[in-house]
Structure formats: structure tokens, C-alpha cells
Amino acid sequence: MELAYYSDYAVRLVNSEEPLRGKDSLTSVEAVRDLFGGNQSAARRATDADVTRFRSVRTRLRAVFEAADQGDETLAVDLLNSLLLEFPVSPQISGHDHRDDDGRPLWHMHLADHPSNATAGYAAIAAMGLAFHLTEYGVDRLGLCEAAPCRNAYLDTSTNRSRRYCSDRCATRANVAAYRARKRLEADRSEKTGLAADSAQRTSASGDR
């Protein structure tokens with residue numbers, strides 16, 4: 001599997017909550033299982049007890065993104081390392097499910113987890129995927145959406161490290177808000193300039209009498 005696939009585990013979990021909007025979709029075991037995506041064998045291990053455990057891991061993963069977003073690389077790494085120590089994985093070579101045109105295995109690295117529960121398995125993969133992304137591309141590639149009140153997590157894969165929003169929707173919303181703010185500022189300045197001109201004309205007229 002590609003590293004981006006693993007790091008997306010972290011993004012999906014963090015974005016199951018929107019703190020500034022007071023929204024939280026992680027409220028049932030079904031919601032927990034949905035986070036696993038196509039990994040249904042792992043999802044089936046989830047129980048009601050995993051809802052609370054997932055929320056705890058989510059808080060810790062968000063803290064990693066928040067530290068990175070604030071430019072505190074050391075804190076981001078320390079927080080991620082604590083997750084890696086608590087939720088270890090075993091790298092394995094896999095390929096029996098993927099074949100080339102000649103029927104030979106397409107060997108690739110796979111992260112095998114040996115969890116005591118569904119949370120441990122998910123957290124292990126999410127933390128390792130995020131660690132791969134961080135070390136490969138840099139801490140500044142972990143971001144939080146600037147379109148308030150969104151603050152969803154994202155992984156910046158742009159060529160010039162220019163991403164600022166979690167989605168095109170948020171980018172458009174932020175650009176529209178910025179455009180409207182500029183227009184209001186221009187209108188305010190124009191109004192003040194007009195009032196100043198009117199005042200100057202009245203003063204000049206009074207002096208001519």
C-alpha cells in the first residue's frame with residue numbers, strides 16, 4: 001500500500017470531529033467501522049467500547065496537527081513518537097493479492113498490526129502512516145484548514161507547499177469571504193473620502209462668505 005493510504009487513516013479520524021462547530025460524527029460503533037474504509041476485517045473487531053478509545057486517539061492525533069500547524073516541529077514529533085511507542089506495528093512484505101501481467105506478485109510493504117482491540121489496530125496504522133508522511137515530506141506538510149470555523153486536518157501534497165485549506169469548498173468559501181471583506185473596506189474608504197471631501201467643500205464655502 002502507498003504511504004498516503006496509511007496517513008489518510010489519521011486524517012479521517014481527526015476530521016470526524018469539528019470542534020469549532022460543535023460537531024462530532026464519532027458517536028457509534030458503526031461510525032468507528034466506517035473509518036476503516038475497505039479494511040472490513042479490521043472494522044469487524046470494533047465494539048461499543050472502541051468509540052471512547054477512538055475519541056482519545058483522535059485528540060492526540062489532532063494535537064500533532066496543531067503543533068505542526070503552529071510550527072512546533074519538536075512537539076509534533078514528540079507527540080507522534082508517543083503514539084508510535086504505544087501502538088506498534090510490524091512491517092511485512094505482501095503481494096499475493098496483486099499480480100502483474102505475467103501473474104507474478106507485485107511485492108510491496110504492508111503494515112501488519114497485532115492489536116488487542118480495534119482502536120489499537122487503527123491507531124497503529126494511523127500513527128505509522130503519519131510518521132512516514134512527516135519524515136518523507138516534512139512537518140510543514142501537516143496542516144489545519146484556515147477557513148474558520150472548519151479547522152479540518154489535511155496533508156499538503158502540493159509541489160510548492162502552498163496548500164492552506166482542506167478542500168476546494170473551503171478554499172472557495174475563504175476566497176469569497178476575503179473578496180467581500182476587501183469590497184467592504186473599499187466602500188468604507190470611499191465613503192470616508194467622500195465625507196472628507198464634502199466637509200472640505202463646506203469649510204471652503206464658509207470661508208468665502
# chains A, B, ... in the order shown; residues from 1 in each chain; ligands from 1
>>> residues_around(residues="Ala127 of chain A", least_positions_apart="2", cutoff="7 Å", atoms="only C-alpha atoms", output="count of residues only")
10
>>> select_by_dssp(residues="segment 5-209 of chain A", states="strand (DSSP E or B)", output="list in words")
Glu17, Glu18, Lys23, Asp24, Ser90, Pro91, Gln92, Ile93, Ser94, Arg99, Pro105, His108, Met109, His110, Leu111, Ala112, Leu142, Gly143, Leu144, Ala153, Tyr154 and Leu155 of chain A
>>> atom_distance(atom1="atom CA of Phe87 of chain A", atom2="atom CA of Gly71 of chain A")
25.2 Å
>>> select_by_dssp(residues="segment 74-116 of chain A", states="helix (DSSP H, G or I)", output="ChimeraX atom specification")
/A:74-86
>>> atom_distance(atom1="atom CA of Ala181 of chain A", atom2="atom CA of Asp168 of chain A")
19.8 Å
>>> atom_distance(atom1="atom CA of His110 of chain A", atom2="atom CA of His98 of chain A")
12.3 Å
>>> residues_around(residues="Asn160 of chain A", least_positions_apart="3", cutoff="12 Å", atoms="only C-alpha atoms", output="mmCIF file with all heavy atoms, in the first residue's frame")
data_model
loop_
_atom_site.group_PDB
_atom_site.id
_atom_site.type_symbol
_atom_site.label_atom_id
_atom_site.label_comp_id
_atom_site.auth_asym_id
_atom_site.auth_seq_id
_atom_site.Cartn_x
_atom_site.Cartn_y
_atom_site.Cartn_z
ATOM 1 N N TYR A 137 8.121 14.116 3.780
ATOM 2 C CA TYR A 137 7.793 15.410 3.177
ATOM 3 C C TYR A 137 8.004 16.614 4.093
ATOM 4 O O TYR A 137 8.024 17.745 3.628
ATOM 5 C CB TYR A 137 6.329 15.408 2.706
ATOM 6 C CG TYR A 137 6.027 14.325 1.716
ATOM 7 C CD1 TYR A 137 5.257 13.224 2.065
ATOM 8 C CD2 TYR A 137 6.534 14.379 0.417
ATOM 9 C CE1 TYR A 137 4.980 12.215 1.155
ATOM 10 C CE2 TYR A 137 6.271 13.375 -0.500
ATOM 11 C CZ TYR A 137 5.492 12.288 -0.121
ATOM 12 O OH TYR A 137 5.228 11.300 -1.026
ATOM 13 N N ASP A 140 5.881 20.565 7.999
ATOM 14 C CA ASP A 140 5.010 21.631 7.484
ATOM 15 C C ASP A 140 4.007 21.134 6.452
ATOM 16 O O ASP A 140 3.181 21.906 5.969
ATOM 17 C CB ASP A 140 5.839 22.774 6.893
ATOM 18 C CG ASP A 140 6.768 22.326 5.781
ATOM 19 O OD1 ASP A 140 7.042 21.118 5.666
ATOM 20 O OD2 ASP A 140 7.241 23.195 5.023
ATOM 21 N N ARG A 141 4.064 19.845 6.126
ATOM 22 C CA ARG A 141 3.073 19.264 5.223
ATOM 23 C C ARG A 141 1.827 18.779 5.960
ATOM 24 O O ARG A 141 0.896 18.284 5.344
ATOM 25 C CB ARG A 141 3.685 18.092 4.454
ATOM 26 C CG ARG A 141 4.773 18.487 3.468
ATOM 27 C CD ARG A 141 4.189 19.189 2.271
ATOM 28 N NE ARG A 141 5.185 19.384 1.220
ATOM 29 C CZ ARG A 141 4.908 19.555 -0.056
ATOM 30 N NH1 ARG A 141 3.644 19.560 -0.460
ATOM 31 N NH2 ARG A 141 5.854 19.747 -0.943
ATOM 32 N N ASP A 156 -0.559 18.189 3.002
ATOM 33 C CA ASP A 156 -0.211 19.022 1.856
ATOM 34 C C ASP A 156 0.683 18.233 0.898
ATOM 35 O O ASP A 156 1.815 17.895 1.213
ATOM 36 C CB ASP A 156 0.514 20.279 2.339
ATOM 37 C CG ASP A 156 0.791 21.261 1.207
ATOM 38 O OD1 ASP A 156 0.443 20.958 0.053
ATOM 39 O OD2 ASP A 156 1.354 22.336 1.479
ATOM 40 N N THR A 157 0.168 17.944 -0.281
ATOM 41 C CA THR A 157 0.957 17.240 -1.302
ATOM 42 C C THR A 157 1.232 18.134 -2.505
ATOM 43 O O THR A 157 1.649 17.655 -3.555
ATOM 44 C CB THR A 157 0.204 15.975 -1.770
ATOM 45 O OG1 THR A 157 -1.106 16.351 -2.242
ATOM 46 C CG2 THR A 157 0.053 14.979 -0.632
ATOM 47 N N ARG A 163 -0.583 24.650 0.065
ATOM 48 C CA ARG A 163 -1.957 24.332 0.467
ATOM 49 C C ARG A 163 -2.298 24.979 1.806
ATOM 50 O O ARG A 163 -1.500 24.962 2.744
ATOM 51 C CB ARG A 163 -2.136 22.813 0.566
ATOM 52 C CG ARG A 163 -3.575 22.400 0.852
ATOM 53 C CD ARG A 163 -3.761 20.905 0.706
ATOM 54 N NE ARG A 163 -5.135 20.516 1.019
ATOM 55 C CZ ARG A 163 -5.593 19.269 0.949
ATOM 56 N NH1 ARG A 163 -4.789 18.302 0.553
ATOM 57 N NH2 ARG A 163 -6.843 19.005 1.261
ATOM 58 N N ARG A 164 -3.508 25.528 1.894
ATOM 59 C CA ARG A 164 -3.959 26.193 3.118
ATOM 60 C C ARG A 164 -5.341 25.719 3.580
ATOM 61 O O ARG A 164 -5.758 26.027 4.683
ATOM 62 C CB ARG A 164 -3.997 27.711 2.903
ATOM 63 C CG ARG A 164 -2.653 28.331 2.576
ATOM 64 C CD ARG A 164 -2.826 29.747 2.054
ATOM 65 N NE ARG A 164 -3.579 30.579 2.973
ATOM 66 C CZ ARG A 164 -4.194 31.713 2.613
ATOM 67 N NH1 ARG A 164 -4.177 32.100 1.345
ATOM 68 N NH2 ARG A 164 -4.837 32.428 3.509
#
>>> closest_residue(among="A:Leu111, A:Ser16, A:Ala76, A:Val139", to="Ile93 of chain A", atoms="only C-alpha atoms")
A:Leu111
>>> decode(residues="segment 42-74 of chain A", atoms="N, CA, C and O atoms", output="CSV table (one decimal), in the first residue's frame")
chain,number,residue,atom,x,y,z
A,42,ALA,N,-10.7,-5.7,9.7
A,42,ALA,CA,-10.3,-4.9,10.9
A,42,ALA,C,-11.5,-4.2,11.5
A,42,ALA,O,-11.6,-4.2,12.8
A,43,ALA,N,-12.4,-3.7,10.7
A,43,ALA,CA,-13.5,-3.0,11.1
A,43,ALA,C,-14.4,-3.9,12.0
A,43,ALA,O,-15.1,-3.4,12.9
A,44,ARG,N,-14.5,-5.2,11.6
A,44,ARG,CA,-15.4,-6.1,12.3
A,44,ARG,C,-15.0,-6.3,13.8
A,44,ARG,O,-15.8,-6.8,14.6
A,45,ARG,N,-13.8,-6.0,14.1
A,45,ARG,CA,-13.3,-6.1,15.5
A,45,ARG,C,-13.9,-5.0,16.4
A,45,ARG,O,-13.8,-5.2,17.6
A,46,ALA,N,-14.4,-4.0,15.9
A,46,ALA,CA,-14.8,-2.8,16.7
A,46,ALA,C,-16.0,-3.2,17.5
A,46,ALA,O,-16.9,-3.9,17.1
A,47,THR,N,-16.0,-2.6,18.7
A,47,THR,CA,-17.2,-2.8,19.6
A,47,THR,C,-17.5,-1.4,20.2
A,47,THR,O,-16.9,-0.4,19.9
A,48,ASP,N,-18.6,-1.4,21.0
A,48,ASP,CA,-19.0,-0.1,21.5
A,48,ASP,C,-17.9,0.6,22.4
A,48,ASP,O,-17.9,1.8,22.4
A,49,ALA,N,-17.1,-0.2,23.0
A,49,ALA,CA,-16.0,0.3,23.8
A,49,ALA,C,-15.0,1.1,23.0
A,49,ALA,O,-14.3,2.0,23.6
A,50,ASP,N,-14.9,0.8,21.7
A,50,ASP,CA,-13.9,1.5,20.9
A,50,ASP,C,-14.3,2.9,20.6
A,50,ASP,O,-13.5,3.7,20.2
A,51,VAL,N,-15.6,3.3,20.8
A,51,VAL,CA,-16.0,4.7,20.5
A,51,VAL,C,-15.2,5.6,21.4
A,51,VAL,O,-14.6,6.6,20.9
A,52,THR,N,-15.2,5.4,22.7
A,52,THR,CA,-14.4,6.2,23.6
A,52,THR,C,-12.9,6.2,23.3
A,52,THR,O,-12.3,7.2,23.4
A,53,ARG,N,-12.4,5.0,23.1
A,53,ARG,CA,-11.0,4.9,22.8
A,53,ARG,C,-10.6,5.6,21.5
A,53,ARG,O,-9.5,6.2,21.5
A,54,PHE,N,-11.4,5.5,20.5
A,54,PHE,CA,-11.1,6.2,19.3
A,54,PHE,C,-11.1,7.7,19.5
A,54,PHE,O,-10.2,8.4,18.9
A,55,ARG,N,-12.0,8.2,20.3
A,55,ARG,CA,-12.0,9.7,20.6
A,55,ARG,C,-10.7,10.1,21.3
A,55,ARG,O,-10.2,11.2,21.0
A,56,SER,N,-10.2,9.3,22.2
A,56,SER,CA,-9.0,9.6,22.9
A,56,SER,C,-7.8,9.7,21.9
A,56,SER,O,-7.0,10.6,22.0
A,57,VAL,N,-7.7,8.7,21.0
A,57,VAL,CA,-6.6,8.7,20.0
A,57,VAL,C,-6.8,9.9,19.1
A,57,VAL,O,-5.8,10.6,18.6
A,58,ARG,N,-8.1,10.2,18.7
A,58,ARG,CA,-8.3,11.4,17.9
A,58,ARG,C,-7.8,12.7,18.5
A,58,ARG,O,-7.2,13.5,17.7
A,59,THR,N,-8.0,12.9,19.7
A,59,THR,CA,-7.5,14.1,20.4
A,59,THR,C,-6.0,14.2,20.3
A,59,THR,O,-5.4,15.2,20.1
A,60,ARG,N,-5.3,13.0,20.5
A,60,ARG,CA,-3.8,13.0,20.4
A,60,ARG,C,-3.3,13.2,19.0
A,60,ARG,O,-2.3,13.9,18.8
A,61,LEU,N,-4.0,12.7,18.0
A,61,LEU,CA,-3.6,13.0,16.6
A,61,LEU,C,-3.9,14.4,16.2
A,61,LEU,O,-3.1,15.0,15.5
A,62,ARG,N,-5.0,15.0,16.7
A,62,ARG,CA,-5.2,16.4,16.4
A,62,ARG,C,-4.1,17.3,17.0
A,62,ARG,O,-3.7,18.3,16.4
A,63,ALA,N,-3.7,16.9,18.1
A,63,ALA,CA,-2.6,17.6,18.8
A,63,ALA,C,-1.3,17.7,17.9
A,63,ALA,O,-0.6,18.7,17.9
A,64,VAL,N,-1.1,16.6,17.2
A,64,VAL,CA,0.1,16.5,16.3
A,64,VAL,C,-0.1,17.5,15.2
A,64,VAL,O,0.8,18.3,14.9
A,65,PHE,N,-1.3,17.6,14.6
A,65,PHE,CA,-1.6,18.5,13.5
A,65,PHE,C,-1.5,20.0,14.0
A,65,PHE,O,-1.0,20.9,13.3
A,66,GLU,N,-2.0,20.2,15.2
A,66,GLU,CA,-2.0,21.5,15.8
A,66,GLU,C,-0.6,22.0,16.0
A,66,GLU,O,-0.2,23.2,15.7
A,67,ALA,N,0.3,21.1,16.5
A,67,ALA,CA,1.7,21.5,16.8
A,67,ALA,C,2.4,21.8,15.4
A,67,ALA,O,3.1,22.8,15.3
A,68,ALA,N,2.1,21.0,14.4
A,68,ALA,CA,2.7,21.2,13.1
A,68,ALA,C,2.2,22.5,12.5
A,68,ALA,O,3.0,23.3,11.9
A,69,ASP,N,0.9,22.8,12.7
A,69,ASP,CA,0.3,24.0,12.1
A,69,ASP,C,0.9,25.2,12.8
A,69,ASP,O,1.0,26.3,12.2
A,70,GLN,N,1.3,25.1,14.1
A,70,GLN,CA,1.9,26.2,14.8
A,70,GLN,C,3.4,26.3,14.6
A,70,GLN,O,4.0,27.2,15.2
A,71,GLY,N,4.0,25.5,13.8
A,71,GLY,CA,5.4,25.5,13.6
A,71,GLY,C,6.3,24.9,14.6
A,71,GLY,O,7.5,25.0,14.6
A,72,ASP,N,5.7,24.1,15.6
A,72,ASP,CA,6.4,23.5,16.6
A,72,ASP,C,6.8,22.1,16.2
A,72,ASP,O,6.1,21.1,16.6
A,73,GLU,N,7.8,21.9,15.4
A,73,GLU,CA,8.2,20.6,14.9
A,73,GLU,C,8.5,19.6,16.0
A,73,GLU,O,8.1,18.4,15.9
A,74,THR,N,9.3,20.0,17.0
A,74,THR,CA,9.7,19.1,18.0
A,74,THR,C,8.5,18.6,18.8
A,74,THR,O,8.5,17.4,19.0
